[in-house]
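*Asks:* PDB, C-alpha atoms, file entry33.pdb:
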```
MODEL        1
ATOM      1  CA  ASN S   1      41.260 -31.786  24.672  1.00  0.00           C
ATOM      2  CA  ALA S   2      37.497 -31.683  25.031  1.00  0.00           C
ATOM      3  CA  GLY S   3      37.505 -34.996  26.949  1.00  0.00           C
ATOM      4  CA  VAL S   4      34.157 -36.797  26.853  1.00  0.00           C
ATOM      5  CA  THR S   5      31.281 -34.950  25.226  1.00  0.00           C
ATOM      6  CA  GLN S   6      27.616 -35.936  25.240  1.00  0.00           C
ATOM      7  CA  THR S   7      24.618 -34.685  23.334  1.00  0.00           C
ATOM      8  CA  PRO S   8      21.913 -33.699  23.960  1.00  0.00           C
ATOM      9  CA  LYS S   9      22.017 -32.244  27.471  1.00  0.00           C
ATOM     10  CA  PHE S  10      18.284 -32.623  27.981  1.00  0.00           C
ATOM     11  CA  ARG S  11      15.534 -34.503  26.177  1.00  0.00           C
ATOM     12  CA  ILE S  12      11.861 -35.246  26.722  1.00  0.00           C
ATOM     13  CA  LEU S  13      10.489 -38.314  24.951  1.00  0.00           C
ATOM     14  CA  LYS S  14       6.999 -39.713  24.674  1.00  0.00           C
ATOM     15  CA  ILE S  15       6.435 -43.370  25.508  1.00  0.00           C
ATOM     16  CA  GLY S  16       7.347 -45.550  22.536  1.00  0.00           C
ATOM     17  CA  GLN S  17       9.599 -43.015  20.829  1.00  0.00           C
ATOM     18  CA  SER S  18      13.213 -43.800  20.074  1.00  0.00           C
ATOM     19  CA  MET S  19      16.382 -41.753  20.290  1.00  0.00           C
ATOM     20  CA  THR S  20      20.149 -41.984  20.271  1.00  0.00           C
ATOM     21  CA  LEU S  21      22.360 -40.469  22.928  1.00  0.00           C
ATOM     22  CA  GLN S  22      25.674 -39.447  21.456  1.00  0.00           C
ATOM     23  CA  CYS S  23      29.052 -39.831  23.171  1.00  0.00           C
ATOM     24  CA  THR S  24      32.471 -38.888  21.815  1.00  0.00           C
ATOM     25  CA  GLN S  25      35.909 -38.913  23.419  1.00  0.00           C
ATOM     26  CA  ASP S  26      39.098 -37.429  22.039  1.00  0.00           C
ATOM     27  CA  MET S  27      41.594 -39.083  24.386  1.00  0.00           C
ATOM     28  CA  ASN S  28      42.112 -42.218  22.254  1.00  0.00           C
ATOM     29  CA  HIS S  29      40.763 -44.368  25.079  1.00  0.00           C
ATOM     30  CA  ASN S  30      39.977 -47.969  24.248  1.00  0.00           C
ATOM     31  CA  TYR S  31      37.382 -48.469  26.969  1.00  0.00           C
ATOM     32  CA  MET S  32      34.018 -46.721  26.980  1.00  0.00           C
ATOM     33  CA  TYR S  33      30.967 -47.082  29.222  1.00  0.00           C
ATOM     34  CA  TRP S  34      27.364 -46.029  29.551  1.00  0.00           C
ATOM     35  CA  TYR S  35      25.794 -45.547  32.977  1.00  0.00           C
ATOM     36  CA  ARG S  36      22.440 -44.420  34.230  1.00  0.00           C
ATOM     37  CA  GLN S  37      22.083 -42.514  37.461  1.00  0.00           C
ATOM     38  CA  ASP S  38      18.784 -42.695  39.312  1.00  0.00           C
ATOM     39  CA  PRO S  39      18.182 -40.558  42.422  1.00  0.00           C
ATOM     40  CA  GLY S  40      19.757 -42.089  45.512  1.00  0.00           C
ATOM     41  CA  MET S  41      20.845 -45.175  43.587  1.00  0.00           C
ATOM     42  CA  GLY S  42      24.350 -44.428  42.455  1.00  0.00           C
ATOM     43  CA  LEU S  43      25.418 -45.442  38.955  1.00  0.00           C
ATOM     44  CA  LYS S  44      24.415 -48.587  37.111  1.00  0.00           C
ATOM     45  CA  LEU S  45      26.411 -49.852  34.129  1.00  0.00           C
ATOM     46  CA  ILE S  46      24.293 -50.294  30.991  1.00  0.00           C
ATOM     47  CA  TYR S  47      26.840 -51.301  28.337  1.00  0.00           C
ATOM     48  CA  TYR S  48      30.562 -51.079  27.858  1.00  0.00           C
ATOM     49  CA  SER S  49      33.118 -51.494  25.093  1.00  0.00           C
ATOM     50  CA  VAL S  50      36.767 -52.512  25.209  1.00  0.00           C
ATOM     51  CA  GLY S  51      37.525 -51.335  21.701  1.00  0.00           C
ATOM     52  CA  ALA S  52      36.061 -50.586  18.292  1.00  0.00           C
ATOM     53  CA  GLY S  53      33.721 -53.362  17.196  1.00  0.00           C
ATOM     54  CA  ILE S  54      33.459 -54.909  20.676  1.00  0.00           C
ATOM     55  CA  THR S  55      30.587 -54.278  23.072  1.00  0.00           C
ATOM     56  CA  ASP S  56      29.135 -56.130  26.034  1.00  0.00           C
ATOM     57  CA  LYS S  57      26.250 -55.879  28.455  1.00  0.00           C
ATOM     58  CA  GLY S  58      26.508 -54.362  31.871  1.00  0.00           C
ATOM     59  CA  GLU S  59      24.180 -54.643  34.821  1.00  0.00           C
ATOM     60  CA  VAL S  60      21.028 -53.070  33.270  1.00  0.00           C
ATOM     61  CA  PRO S  61      21.100 -53.502  29.446  1.00  0.00           C
ATOM     62  CA  ASN S  62      17.405 -54.189  28.772  1.00  0.00           C
ATOM     63  CA  GLY S  63      15.793 -51.582  26.542  1.00  0.00           C
ATOM     64  CA  TYR S  64      19.104 -50.259  25.203  1.00  0.00           C
ATOM     65  CA  ASN S  65      21.508 -50.964  22.371  1.00  0.00           C
ATOM     66  CA  VAL S  66      25.001 -49.733  21.578  1.00  0.00           C
ATOM     67  CA  SER S  67      27.525 -49.810  18.781  1.00  0.00           C
ATOM     68  CA  ARG S  68      31.223 -48.950  18.572  1.00  0.00           C
ATOM     69  CA  SER S  69      32.294 -48.425  14.998  1.00  0.00           C
ATOM     70  CA  THR S  70      35.174 -46.089  15.895  1.00  0.00           C
ATOM     71  CA  THR S  71      37.426 -45.578  18.891  1.00  0.00           C
ATOM     72  CA  GLU S  72      35.964 -42.117  19.471  1.00  0.00           C
ATOM     73  CA  ASP S  73      32.200 -42.723  19.363  1.00  0.00           C
ATOM     74  CA  PHE S  74      29.921 -44.863  21.507  1.00  0.00           C
ATOM     75  CA  PRO S  75      26.230 -44.030  20.910  1.00  0.00           C
ATOM     76  CA  LEU S  76      23.446 -45.422  23.105  1.00  0.00           C
ATOM     77  CA  ARG S  77      20.142 -46.244  21.444  1.00  0.00           C
ATOM     78  CA  LEU S  78      16.731 -46.369  23.121  1.00  0.00           C
ATOM     79  CA  GLU S  79      14.294 -48.107  20.789  1.00  0.00           C
ATOM     80  CA  LEU S  80      10.943 -47.948  22.609  1.00  0.00           C
ATOM     81  CA  ALA S  81      11.168 -45.413  25.401  1.00  0.00           C
ATOM     82  CA  ALA S  82       9.464 -46.291  28.676  1.00  0.00           C
ATOM     83  CA  PRO S  83       8.926 -44.181  31.829  1.00  0.00           C
ATOM     84  CA  SER S  84      11.369 -46.480  33.663  1.00  0.00           C
ATOM     85  CA  GLN S  85      14.129 -45.078  31.427  1.00  0.00           C
ATOM     86  CA  THR S  86      13.733 -41.616  32.898  1.00  0.00           C
ATOM     87  CA  SER S  87      17.184 -40.994  34.305  1.00  0.00           C
ATOM     88  CA  VAL S  88      20.453 -39.151  33.869  1.00  0.00           C
ATOM     89  CA  TYR S  89      22.796 -40.931  31.468  1.00  0.00           C
ATOM     90  CA  PHE S  90      26.561 -40.664  31.691  1.00  0.00           C
ATOM     91  CA  CYS S  91      29.128 -41.781  29.181  1.00  0.00           C
ATOM     92  CA  ALA S  92      32.664 -42.466  30.396  1.00  0.00           C
ATOM     93  CA  SER S  93      35.980 -43.639  29.017  1.00  0.00           C
ATOM     94  CA  SER S  94      39.227 -45.021  30.378  1.00  0.00           C
ATOM     95  CA  TYR S  95      42.643 -45.678  28.905  1.00  0.00           C
ATOM     96  CA  SER S  96      42.687 -49.280  29.985  1.00  0.00           C
ATOM     97  CA  GLU S  97      40.973 -51.786  32.194  1.00  0.00           C
ATOM     98  CA  LEU S  98      39.899 -50.497  35.559  1.00  0.00           C
ATOM     99  CA  GLN S  99      41.615 -53.375  37.372  1.00  0.00           C
ATOM    100  CA  GLY S 100      44.849 -51.472  36.810  1.00  0.00           C
ATOM    101  CA  GLY S 101      43.522 -48.502  38.751  1.00  0.00           C
ATOM    102  CA  TYR S 102      42.902 -46.425  35.639  1.00  0.00           C
ATOM    103  CA  GLU S 103      40.462 -43.596  36.188  1.00  0.00           C
ATOM    104  CA  GLN S 104      37.290 -43.084  34.255  1.00  0.00           C
ATOM    105  CA  TYR S 105      36.579 -39.768  32.590  1.00  0.00           C
ATOM    106  CA  PHE S 106      32.922 -38.819  32.553  1.00  0.00           C
ATOM    107  CA  GLY S 107      30.873 -36.685  30.227  1.00  0.00           C
ATOM    108  CA  PRO S 108      28.490 -34.010  31.566  1.00  0.00           C
ATOM    109  CA  GLY S 109      25.429 -36.245  31.245  1.00  0.00           C
ATOM    110  CA  THR S 110      22.097 -36.312  29.414  1.00  0.00           C
ATOM    111  CA  ARG S 111      18.930 -35.802  31.445  1.00  0.00           C
ATOM    112  CA  LEU S 112      16.155 -37.841  29.834  1.00  0.00           C
ATOM    113  CA  THR S 113      12.487 -37.734  30.762  1.00  0.00           C
ATOM    114  CA  VAL S 114       9.991 -40.189  29.293  1.00  0.00           C
ATOM    115  CA  THR S 115       6.330 -39.236  29.664  1.00  0.00           C
TER     116      THR S 115
ATOM    117  CA  GLY J   1      29.870 -60.625  44.435  1.00  0.00           C
ATOM    118  CA  ASN J   2      31.676 -57.352  44.920  1.00  0.00           C
ATOM    119  CA  SER J   3      29.877 -54.528  46.671  1.00  0.00           C
ATOM    120  CA  VAL J   4      30.396 -51.071  48.123  1.00  0.00           C
ATOM    121  CA  THR J   5      28.536 -49.547  51.056  1.00  0.00           C
ATOM    122  CA  GLN J   6      28.882 -45.884  51.913  1.00  0.00           C
ATOM    123  CA  MET J   7      27.217 -43.764  54.536  1.00  0.00           C
ATOM    124  CA  GLU J   8      23.923 -42.228  53.567  1.00  0.00           C
ATOM    125  CA  GLY J   9      23.486 -38.523  53.367  1.00  0.00           C
ATOM    126  CA  PRO J  10      22.886 -35.804  53.265  1.00  0.00           C
ATOM    127  CA  VAL J  11      25.730 -34.696  55.467  1.00  0.00           C
ATOM    128  CA  THR J  12      25.614 -31.070  56.559  1.00  0.00           C
ATOM    129  CA  LEU J  13      28.654 -29.397  58.114  1.00  0.00           C
ATOM    130  CA  SER J  14      29.825 -25.902  58.851  1.00  0.00           C
ATOM    131  CA  GLU J  15      32.807 -24.475  57.016  1.00  0.00           C
ATOM    132  CA  GLU J  16      36.165 -25.555  58.513  1.00  0.00           C
ATOM    133  CA  ALA J  17      34.642 -28.645  60.135  1.00  0.00           C
ATOM    134  CA  PHE J  18      36.280 -32.081  59.910  1.00  0.00           C
ATOM    135  CA  LEU J  19      34.749 -34.441  57.378  1.00  0.00           C
ATOM    136  CA  THR J  20      34.539 -38.215  57.338  1.00  0.00           C
ATOM    137  CA  ILE J  21      32.484 -40.181  54.818  1.00  0.00           C
ATOM    138  CA  ASN J  22      32.588 -43.891  55.515  1.00  0.00           C
ATOM    139  CA  CYS J  23      33.023 -46.509  52.799  1.00  0.00           C
ATOM    140  CA  THR J  24      33.351 -50.247  53.250  1.00  0.00           C
ATOM    141  CA  TYR J  25      33.620 -52.885  50.581  1.00  0.00           C
ATOM    142  CA  THR J  26      33.266 -56.581  49.902  1.00  0.00           C
ATOM    143  CA  ALA J  27      35.564 -58.142  47.342  1.00  0.00           C
ATOM    144  CA  THR J  28      37.994 -60.994  46.892  1.00  0.00           C
ATOM    145  CA  GLY J  29      41.668 -60.254  46.708  1.00  0.00           C
ATOM    146  CA  TYR J  30      42.904 -56.694  46.310  1.00  0.00           C
ATOM    147  CA  PRO J  31      40.526 -54.465  44.382  1.00  0.00           C
ATOM    148  CA  SER J  32      41.330 -50.920  43.315  1.00  0.00           C
ATOM    149  CA  LEU J  33      39.406 -48.297  45.282  1.00  0.00           C
ATOM    150  CA  PHE J  34      38.288 -44.858  44.164  1.00  0.00           C
ATOM    151  CA  TRP J  35      36.515 -41.758  45.377  1.00  0.00           C
ATOM    152  CA  TYR J  36      34.700 -39.762  42.712  1.00  0.00           C
ATOM    153  CA  VAL J  37      33.048 -36.369  43.217  1.00  0.00           C
ATOM    154  CA  GLN J  38      30.074 -34.928  41.340  1.00  0.00           C
ATOM    155  CA  TYR J  39      29.529 -31.181  41.493  1.00  0.00           C
ATOM    156  CA  PRO J  40      26.040 -29.853  40.716  1.00  0.00           C
ATOM    157  CA  GLY J  41      25.107 -30.261  37.068  1.00  0.00           C
ATOM    158  CA  GLU J  42      28.329 -32.037  36.146  1.00  0.00           C
ATOM    159  CA  GLY J  43      29.608 -35.543  35.528  1.00  0.00           C
ATOM    160  CA  LEU J  44      31.725 -37.474  37.979  1.00  0.00           C
ATOM    161  CA  GLN J  45      35.417 -36.784  38.287  1.00  0.00           C
ATOM    162  CA  LEU J  46      38.096 -38.737  40.061  1.00  0.00           C
ATOM    163  CA  LEU J  47      39.040 -37.306  43.450  1.00  0.00           C
ATOM    164  CA  LEU J  48      41.575 -39.906  44.581  1.00  0.00           C
ATOM    165  CA  LYS J  49      42.386 -43.589  44.350  1.00  0.00           C
ATOM    166  CA  ALA J  50      44.397 -46.408  45.925  1.00  0.00           C
ATOM    167  CA  THR J  51      45.374 -49.654  44.267  1.00  0.00           C
ATOM    168  CA  LYS J  52      46.934 -51.691  47.081  1.00  0.00           C
ATOM    169  CA  ALA J  53      46.590 -52.204  50.796  1.00  0.00           C
ATOM    170  CA  ASP J  54      47.858 -49.379  53.047  1.00  0.00           C
ATOM    171  CA  ASP J  55      48.087 -46.983  50.112  1.00  0.00           C
ATOM    172  CA  LYS J  56      46.848 -43.479  50.871  1.00  0.00           C
ATOM    173  CA  GLY J  57      45.207 -41.503  48.096  1.00  0.00           C
ATOM    174  CA  SER J  58      45.105 -37.734  48.450  1.00  0.00           C
ATOM    175  CA  ASN J  59      43.947 -34.720  46.445  1.00  0.00           C
ATOM    176  CA  LYS J  60      42.632 -31.205  47.189  1.00  0.00           C
ATOM    177  CA  GLY J  61      43.038 -31.780  50.950  1.00  0.00           C
ATOM    178  CA  PHE J  62      41.038 -35.010  50.888  1.00  0.00           C
ATOM    179  CA  GLU J  63      42.596 -38.309  51.960  1.00  0.00           C
ATOM    180  CA  ALA J  64      41.580 -41.961  52.084  1.00  0.00           C
ATOM    181  CA  THR J  65      43.593 -44.984  53.192  1.00  0.00           C
ATOM    182  CA  TYR J  66      43.076 -48.479  51.785  1.00  0.00           C
ATOM    183  CA  ARG J  67      42.535 -50.657  54.869  1.00  0.00           C
ATOM    184  CA  LYS J  68      42.494 -54.335  53.992  1.00  0.00           C
ATOM    185  CA  GLU J  69      41.966 -55.485  57.572  1.00  0.00           C
ATOM    186  CA  THR J  70      38.758 -53.487  57.944  1.00  0.00           C
ATOM    187  CA  THR J  71      37.828 -53.515  54.203  1.00  0.00           C
ATOM    188  CA  SER J  72      37.397 -49.759  54.342  1.00  0.00           C
ATOM    189  CA  PHE J  73      38.346 -46.661  52.349  1.00  0.00           C
ATOM    190  CA  HIS J  74      36.960 -43.750  54.377  1.00  0.00           C
ATOM    191  CA  LEU J  75      37.206 -40.241  52.920  1.00  0.00           C
ATOM    192  CA  GLU J  76      38.494 -37.485  55.227  1.00  0.00           C
ATOM    193  CA  LYS J  77      39.233 -33.790  55.064  1.00  0.00           C
ATOM    194  CA  GLY J  78      40.500 -31.700  57.914  1.00  0.00           C
ATOM    195  CA  SER J  79      38.748 -28.427  57.091  1.00  0.00           C
ATOM    196  CA  VAL J  80      35.929 -28.339  54.561  1.00  0.00           C
ATOM    197  CA  GLN J  81      34.968 -25.360  52.423  1.00  0.00           C
ATOM    198  CA  VAL J  82      31.666 -24.305  50.889  1.00  0.00           C
ATOM    199  CA  SER J  83      33.113 -25.275  47.503  1.00  0.00           C
ATOM    200  CA  ASP J  84      33.327 -28.915  48.688  1.00  0.00           C
ATOM    201  CA  SER J  85      29.542 -29.177  48.541  1.00  0.00           C
ATOM    202  CA  ALA J  86      28.915 -32.051  46.123  1.00  0.00           C
ATOM    203  CA  VAL J  87      27.984 -35.721  45.942  1.00  0.00           C
ATOM    204  CA  TYR J  88      30.795 -38.161  46.744  1.00  0.00           C
ATOM    205  CA  PHE J  89      30.902 -41.706  45.405  1.00  0.00           C
ATOM    206  CA  CYS J  90      33.037 -44.547  46.659  1.00  0.00           C
ATOM    207  CA  ALA J  91      33.852 -47.083  43.936  1.00  0.00           C
ATOM    208  CA  LEU J  92      35.600 -50.415  43.576  1.00  0.00           C
ATOM    209  CA  SER J  93      37.140 -52.241  40.652  1.00  0.00           C
ATOM    210  CA  GLY J  94      37.671 -55.956  41.242  1.00  0.00           C
ATOM    211  CA  MET J  95      40.785 -57.912  40.385  1.00  0.00           C
ATOM    212  CA  ASN J  96      39.270 -60.137  37.733  1.00  0.00           C
ATOM    213  CA  ARG J  97      39.307 -59.060  34.128  1.00  0.00           C
ATOM    214  CA  ASP J  98      35.523 -59.427  33.903  1.00  0.00           C
ATOM    215  CA  ASP J  99      34.897 -57.319  36.996  1.00  0.00           C
ATOM    216  CA  LYS J 100      33.303 -53.959  36.330  1.00  0.00           C
ATOM    217  CA  ILE J 101      33.532 -50.900  38.511  1.00  0.00           C
ATOM    218  CA  ILE J 102      30.894 -50.766  41.233  1.00  0.00           C
ATOM    219  CA  PHE J 103      29.750 -47.461  42.674  1.00  0.00           C
ATOM    220  CA  GLY J 104      28.251 -46.762  46.048  1.00  0.00           C
ATOM    221  CA  LYS J 105      24.972 -44.875  46.199  1.00  0.00           C
ATOM    222  CA  GLY J 106      26.671 -41.555  46.838  1.00  0.00           C
ATOM    223  CA  THR J 107      26.747 -39.198  49.808  1.00  0.00           C
ATOM    224  CA  ARG J 108      25.517 -35.650  49.367  1.00  0.00           C
ATOM    225  CA  LEU J 109      27.578 -33.111  51.305  1.00  0.00           C
ATOM    226  CA  HIS J 110      26.339 -29.619  52.187  1.00  0.00           C
ATOM    227  CA  ILE J 111      28.780 -27.125  53.665  1.00  0.00           C
ATOM    228  CA  LEU J 112      27.278 -24.083  55.376  1.00  0.00           C
ATOM    229  CA  PRO J 113      29.208 -20.790  55.407  1.00  0.00           C
TER     230      PRO J 113
ENDMDL
END
```
Give the structure from the file, written as structure tokens.
*Replies:*
Amino acid sequence: NAGVTQTPKFRILKIGQSMTLQCTQDMNHNYMYWYRQDPGMGLKLIYYSVGAGITDKGEVPNGYNVSRSTTEDFPLRLELAAPSQTSVYFCASSYSELQGGYEQYFGPGTRLTVT
Amino acid sequence: GNSVTQMEGPVTLSEEAFLTINCTYTATGYPSLFWYVQYPGEGLQLLLKATKADDKGSNKGFEATYRKETTSFHLEKGSVQVSDSAVYFCALSGMNRDDKIIFGKGTRLHILP
């Protein structure tokens, strides 16, 4: 199994540009998540999904959109990039709800710079 | 609301030293508790977990005990190696269905040979 894969690894955007960060998992997990990691700030949840066709906002959703048309894929869309979105983005998945102690599996991350 | 507080880094130790990274939490009921590790240039991966009070999670020589009375989940290792250099995150998942996992800010660990 490849686990959770993310593309691209690195990207530089100009202010106002848009892009989609791709995330795919091959573990047949129902739950998927997008986080951003800012230096010294830990991880903040952007959006999550509990299954195909179902998405919901996390702690910091402004400026982002997601969709979940299949179990495997969970792309994150930035419509109008801003310098405040410079960060490292991680996609993760889990078999079931985290309240049951299920672990999250993380992708390798996408380092995004907006200038 | 739920929260996690972990000791700030960086923490620098010599090889074979004893390691403790403190983590305390605030939550109602009995959350699940996790330690994740992030090696340079990689995503996070689960190191260990505990889902009920007095449980001890362990992996790769690391241990942490779920202490309800002190609301703590401190990470310990008896003898660290250079390869343990990484960032360590304490995390909590609340009991309610709508609760999301909350991560601490991370503690960077440097082990000197």
*Asks:* For each of J:Ser32, J:Thr65, J:Ser72, J:Ser14, take the minimum atom-to-atom distance to Leu92 in chain J, counting only C-alpha atoms, then give the residue where this is smallest.
*Replies:* J:Ser32
*Asks:* Find the spatial neighbours of Lys44 in chain S, counting only C-alpha atoms, within a cut-off of 7 Å - ignore same-chain residues fewer than 4 positions away - and output them as a ChimeraX atom specification.
*Replies:* /S:35-37,59-60
*Asks:* Take the residues that were just selected and, keeping C-alpha atoms, output them as a JSON list (two decimals), keeping the file's coordinate frame.
*Replies:*
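Wrote it out as part.json, contents follow:
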```
[["chain", "number", "residue", "atom", "x", "y", "z"],
["S", 35, "TYR", "CA", 25.79, -45.55, 32.98],
["S", 36, "ARG", "CA", 22.44, -44.42, 34.23],
["S", 37, "GLN", "CA", 22.08, -42.51, 37.46],
["S", 59, "GLU", "CA", 24.18, -54.64, 34.82],
["S", 60, "VAL", "CA", 21.03, -53.07, 33.27]]
```
*Asks:* Against chain S, which residues of chain J fall within 12 Å? For each one I want the closest pair of atoms and the distance in Å (one decimal), counting only C-alpha atoms, rows by chain and increasing residue number, as a tab-separated table.
*Replies:*
```
residue	atom	partner	partner_atom	distance
J:Val4	CA	S:Gly42	CA	10.6
J:Thr5	CA	S:Gly42	CA	10.8
J:Gln6	CA	S:Gly42	CA	10.6
J:Met7	CA	S:Gly40	CA	11.8
J:Glu8	CA	S:Gly40	CA	9.1
J:Gly9	CA	S:Gly40	CA	9.4
J:Pro10	CA	S:Gly40	CA	10.5
J:Gly29	CA	S:Gln99	CA	11.6
J:Tyr30	CA	S:Gln99	CA	9.6
J:Pro31	CA	S:Gln99	CA	7.2
J:Ser32	CA	S:Gly101	CA	5.6
J:Leu33	CA	S:Gly101	CA	7.7
J:Phe34	CA	S:Glu103	CA	8.4
J:Trp35	CA	S:Glu103	CA	10.2
J:Tyr36	CA	S:Gln104	CA	9.4
J:Val37	CA	S:Phe106	CA	10.9
J:Gln38	CA	S:Pro108	CA	9.9
J:Tyr39	CA	S:Pro108	CA	10.4
J:Pro40	CA	S:Pro108	CA	10.3
J:Gly41	CA	S:Pro108	CA	7.5
J:Glu42	CA	S:Pro108	CA	5.0
J:Gly43	CA	S:Pro108	CA	4.4
J:Leu44	CA	S:Phe106	CA	5.7
J:Gln45	CA	S:Tyr105	CA	6.5
J:Leu46	CA	S:Glu103	CA	6.6
J:Leu47	CA	S:Glu103	CA	9.7
J:Leu48	CA	S:Glu103	CA	9.2
J:Lys49	CA	S:Gly101	CA	7.5
J:Ala50	CA	S:Gly101	CA	7.5
J:Thr51	CA	S:Gly101	CA	5.9
J:Lys52	CA	S:Gly101	CA	9.5
J:Gly57	CA	S:Gly101	CA	11.8
J:Val87	CA	S:Gly42	CA	10.1
J:Tyr88	CA	S:Gly42	CA	10.0
J:Phe89	CA	S:Gly42	CA	7.7
J:Cys90	CA	S:Gly42	CA	9.7
J:Ala91	CA	S:Leu43	CA	9.9
J:Leu92	CA	S:Leu98	CA	9.1
J:Ser93	CA	S:Gln99	CA	5.7
J:Gly94	CA	S:Gln99	CA	6.1
J:Met95	CA	S:Gln99	CA	5.5
J:Asn96	CA	S:Gln99	CA	7.2
J:Arg97	CA	S:Gln99	CA	6.9
J:Asp98	CA	S:Gln99	CA	9.3
J:Asp99	CA	S:Gln99	CA	7.8
J:Lys100	CA	S:Leu98	CA	7.5
J:Ile101	CA	S:Leu98	CA	7.0
J:Ile102	CA	S:Leu43	CA	8.0
J:Phe103	CA	S:Leu43	CA	6.1
J:Gly104	CA	S:Gly42	CA	5.8
J:Lys105	CA	S:Gly42	CA	3.8
J:Gly106	CA	S:Gly42	CA	5.7
J:Thr107	CA	S:Gly40	CA	8.7
J:Arg108	CA	S:Gly40	CA	9.5
```
*Asks:* Quick one: pull the distance between CA of Ile111 in chain J and CA of Phe18 in chain J, Å, one decimal.
*Replies:* 10.9 Å
*Asks:* If you measure from CA of Lys57 in chain S to CA of Leu112 in chain S, what distance in Å do you get, rounded to one decimal?
*Replies:* 20.7 Å
*Asks:* Please indicate the distance in Å from CA of Thr24 in chain J to CA of Val50 in chain S, rounded to one decimal place.
*Replies:*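 That distance, rounded to one decimal, is 28.3 Å.
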*Asks:* Apply the PyMOL selection byres ((chain S and resi 28) around 12) to the structure shown and report the selected residues as a ChimeraX atom specification.
*Replies:* /S:1-4,24-27,29-32,50-52,70-73,93-96,105
*Asks:* Write out as lines of an AutoDock Vina configuration file an axis-aligned box for range 78-91 of chain J: all of its atoms listed in the file, 8 Å added on each side, centre and edge lengths in Å with one decimal.
*Replies:*
```
center_x = 34.2
center_y = -35.7
center_z = 50.9
size_x = 28.5
size_y = 38.8
size_z = 30.0
```
*Asks:* Please check which residues have atoms at most 8 Å from (31.7, -33.7, 53.0) in the file's coordinates, counting only C-alpha atoms, and write them as a ChimeraX atom specification.
*Replies:* /J:11-13,19-21,77,80,84-86,88,108-111
*Asks:* Restricting the output to C-alpha atoms, write the selected residues as a PDB file, in the coordinates of the input.
*Replies:*
```pdb
ATOM      1  CA  VAL J  11      25.730 -34.696  55.467  1.00  0.00           C
ATOM      2  CA  THR J  12      25.614 -31.070  56.559  1.00  0.00           C
ATOM      3  CA  LEU J  13      28.654 -29.397  58.114  1.00  0.00           C
ATOM      4  CA  LEU J  19      34.749 -34.441  57.378  1.00  0.00           C
ATOM      5  CA  THR J  20      34.539 -38.215  57.338  1.00  0.00           C
ATOM      6  CA  ILE J  21      32.484 -40.181  54.818  1.00  0.00           C
ATOM      7  CA  LYS J  77      39.233 -33.790  55.064  1.00  0.00           C
ATOM      8  CA  VAL J  80      35.929 -28.339  54.561  1.00  0.00           C
ATOM      9  CA  ASP J  84      33.327 -28.915  48.688  1.00  0.00           C
ATOM     10  CA  SER J  85      29.542 -29.177  48.541  1.00  0.00           C
ATOM     11  CA  ALA J  86      28.915 -32.051  46.123  1.00  0.00           C
ATOM     12  CA  TYR J  88      30.795 -38.161  46.744  1.00  0.00           C
ATOM     13  CA  ARG J 108      25.517 -35.650  49.367  1.00  0.00           C
ATOM     14  CA  LEU J 109      27.578 -33.111  51.305  1.00  0.00           C
ATOM     15  CA  HIS J 110      26.339 -29.619  52.187  1.00  0.00           C
ATOM     16  CA  ILE J 111      28.780 -27.125  53.665  1.00  0.00           C
TER      17      ILE J 111
END
```
*Asks:* Taking all atoms listed in the file into account, name the residue in S:Leu76, S:Arg68, S:Thr5, S:Ser49 that is nearest to Ser18 in chain S.
*Replies:*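 Smallest separation from Ser18 in chain S among the options: S:Leu76.
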*Asks:* Once the PyMOL selection byres ((chain S and resi 17) around 6) has been evaluated on this model, what residues remain selected, and can you format them as a ChimeraX atom specification?
*Replies:* /S:14-16,18,80-81
*Asks:* Where atoms are absent from range 53-59 of chain S, fill them in so it carries N, CA, C and O atoms, then output it as a CSV table (one decimal), in the coordinates of the input.
*Replies:*
```
chain,number,residue,atom,x,y,z
S,53,GLY,N,34.3,-52.1,17.6
S,53,GLY,CA,33.7,-53.4,17.2
S,53,GLY,C,33.4,-54.3,18.3
S,53,GLY,O,32.8,-55.4,18.0
S,54,ILE,N,33.7,-54.0,19.5
S,54,ILE,CA,33.5,-54.9,20.7
S,54,ILE,C,32.6,-54.2,21.7
S,54,ILE,O,33.0,-53.2,22.3
S,55,THR,N,31.4,-54.8,22.0
S,55,THR,CA,30.6,-54.3,23.1
S,55,THR,C,30.1,-55.4,23.9
S,55,THR,O,30.0,-56.6,23.5
S,56,ASP,N,29.7,-55.1,25.1
S,56,ASP,CA,29.1,-56.1,26.0
S,56,ASP,C,28.2,-55.5,27.0
S,56,ASP,O,28.2,-54.3,27.3
S,57,LYS,N,27.3,-56.4,27.6
S,57,LYS,CA,26.2,-55.9,28.5
S,57,LYS,C,26.8,-55.6,29.8
S,57,LYS,O,27.7,-56.3,30.3
S,58,GLY,N,26.2,-54.6,30.5
S,58,GLY,CA,26.5,-54.4,31.9
S,58,GLY,C,25.4,-54.9,32.8
S,58,GLY,O,24.8,-55.9,32.5
S,59,GLU,N,25.1,-54.2,33.8
S,59,GLU,CA,24.2,-54.6,34.8
S,59,GLU,C,22.7,-54.5,34.4
S,59,GLU,O,21.9,-55.3,34.7
```
